[in-house]
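K.L.:
One structure coming up, written as structure tokens, with questions to follow.
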Amino acid sequence: MPKTIFDFGVLAGADLGVVALADGGAVYSKGDPGDRAYVVHSGTVDLRCMDDTVEVLGPGEIFGLAAVLDGGVRFCSAIAVGKTELIPLSRSLVETLVGDDPEFAAAVTALMVRRLRAAFARLDPAPAGKIAEPGLNPIVAGVADGDAHIGR
């Protein structure tokens, strides 16, 4: 699955702090409130649903967005693998970035669609083919196909 990497340069002057975790440390657990998203600064994070690792994330990757964006609870757990450092992104910061930065919003949309497709593929591994309808805006069609690039 292609990765969406978050640019650390965007966070450089923000002084958002760092969350340090040891191997096996829980970032959050299923059912926890979603008050922030995270960017992996160093190390690795496993996203686990129903005791299965569904995605392994490395430096520059963002996670924890679903609960932040919809105000719901976490539907998976996030666990540090080895020594890991994370940059926390508050709900208000994520909302500002989504509202003010079209490229960030498009990348987040592409990431969420890609993770949704991966979840469906685990339920039904038969290939579905291309879903985008003819005549759709190429940006929307690209996002629906999991392409994180912006433009026509």
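Each chain in the structure tokens gets a letter, A, B and so on, in the order shown; residues start at 1 in every chain, and ligands are counted from 1 in the order they appear.
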Apply DSSP to the backbone of this structure and, from region 5-129 of chain A, keep only the residues in helix (DSSP H, G or I); write these as a ChimeraX atom specification.
P.N.:
/A:8-11,65-70,91-100,102-123
K.L.:
List every residue of region 40-72 of chain A that has an atom at most 12 Å from any atom of region 96-105 of chain A, giving for each one its closest atom pair and the distance in Å to one decimal, counting only C-alpha atoms, sorted by chain and then by ascending residue number, as JSON lines.
P.N.:
```
{"residue": "A:Ile62", "atom": "CA", "partner": "A:Phe104", "partner_atom": "CA", "distance": 11.2}
{"residue": "A:Leu65", "atom": "CA", "partner": "A:Val98", "partner_atom": "CA", "distance": 11.0}
{"residue": "A:Val68", "atom": "CA", "partner": "A:Val98", "partner_atom": "CA", "distance": 11.6}
{"residue": "A:Leu69", "atom": "CA", "partner": "A:Val98", "partner_atom": "CA", "distance": 9.5}
```
K.L.:
Taking 2 positions as the minimum chain separation for residues in the same chain, which residues sit within 12 Å of Arg122 (chain A) when counting only C-alpha atoms? Answer as a list of chain:residue names.
P.N.:
A:Cys49, A:Asp52, A:Thr53, A:Val54, A:Glu55, A:Arg115, A:Leu116, A:Arg117, A:Ala118, A:Ala119, A:Phe120, A:Asp124, A:Pro125, A:Ala126, A:Pro127
K.L.:
For a quick check of understanding, using only C-alpha atoms, which of A:Ala26, A:Ala67, A:Val108, A:Val45 has the smallest distance to Arg91 (chain A)?
P.N.:
A:Ala67
K.L.:
Give me, as a PyMOL selection string, all polymer residues having an atom no more than 7 Å from Thr44 (chain A), counting only C-alpha atoms and skipping those fewer than 6 positions away in the same chain.
P.N.:
chain A and resi 56-58+80-82+84
K.L.:
Set the distance at 7 Å and use only C-alpha atoms: which residues neighbour Pro88 (chain A) once local chain neighbours fewer than 6 positions away are removed? I'd like the list as a list of chain:residue names.
P.N.:
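These residues fall inside the cut-off: A:Leu16, A:Val18, A:Arg36, A:Ala37, A:Tyr38, A:Val39.
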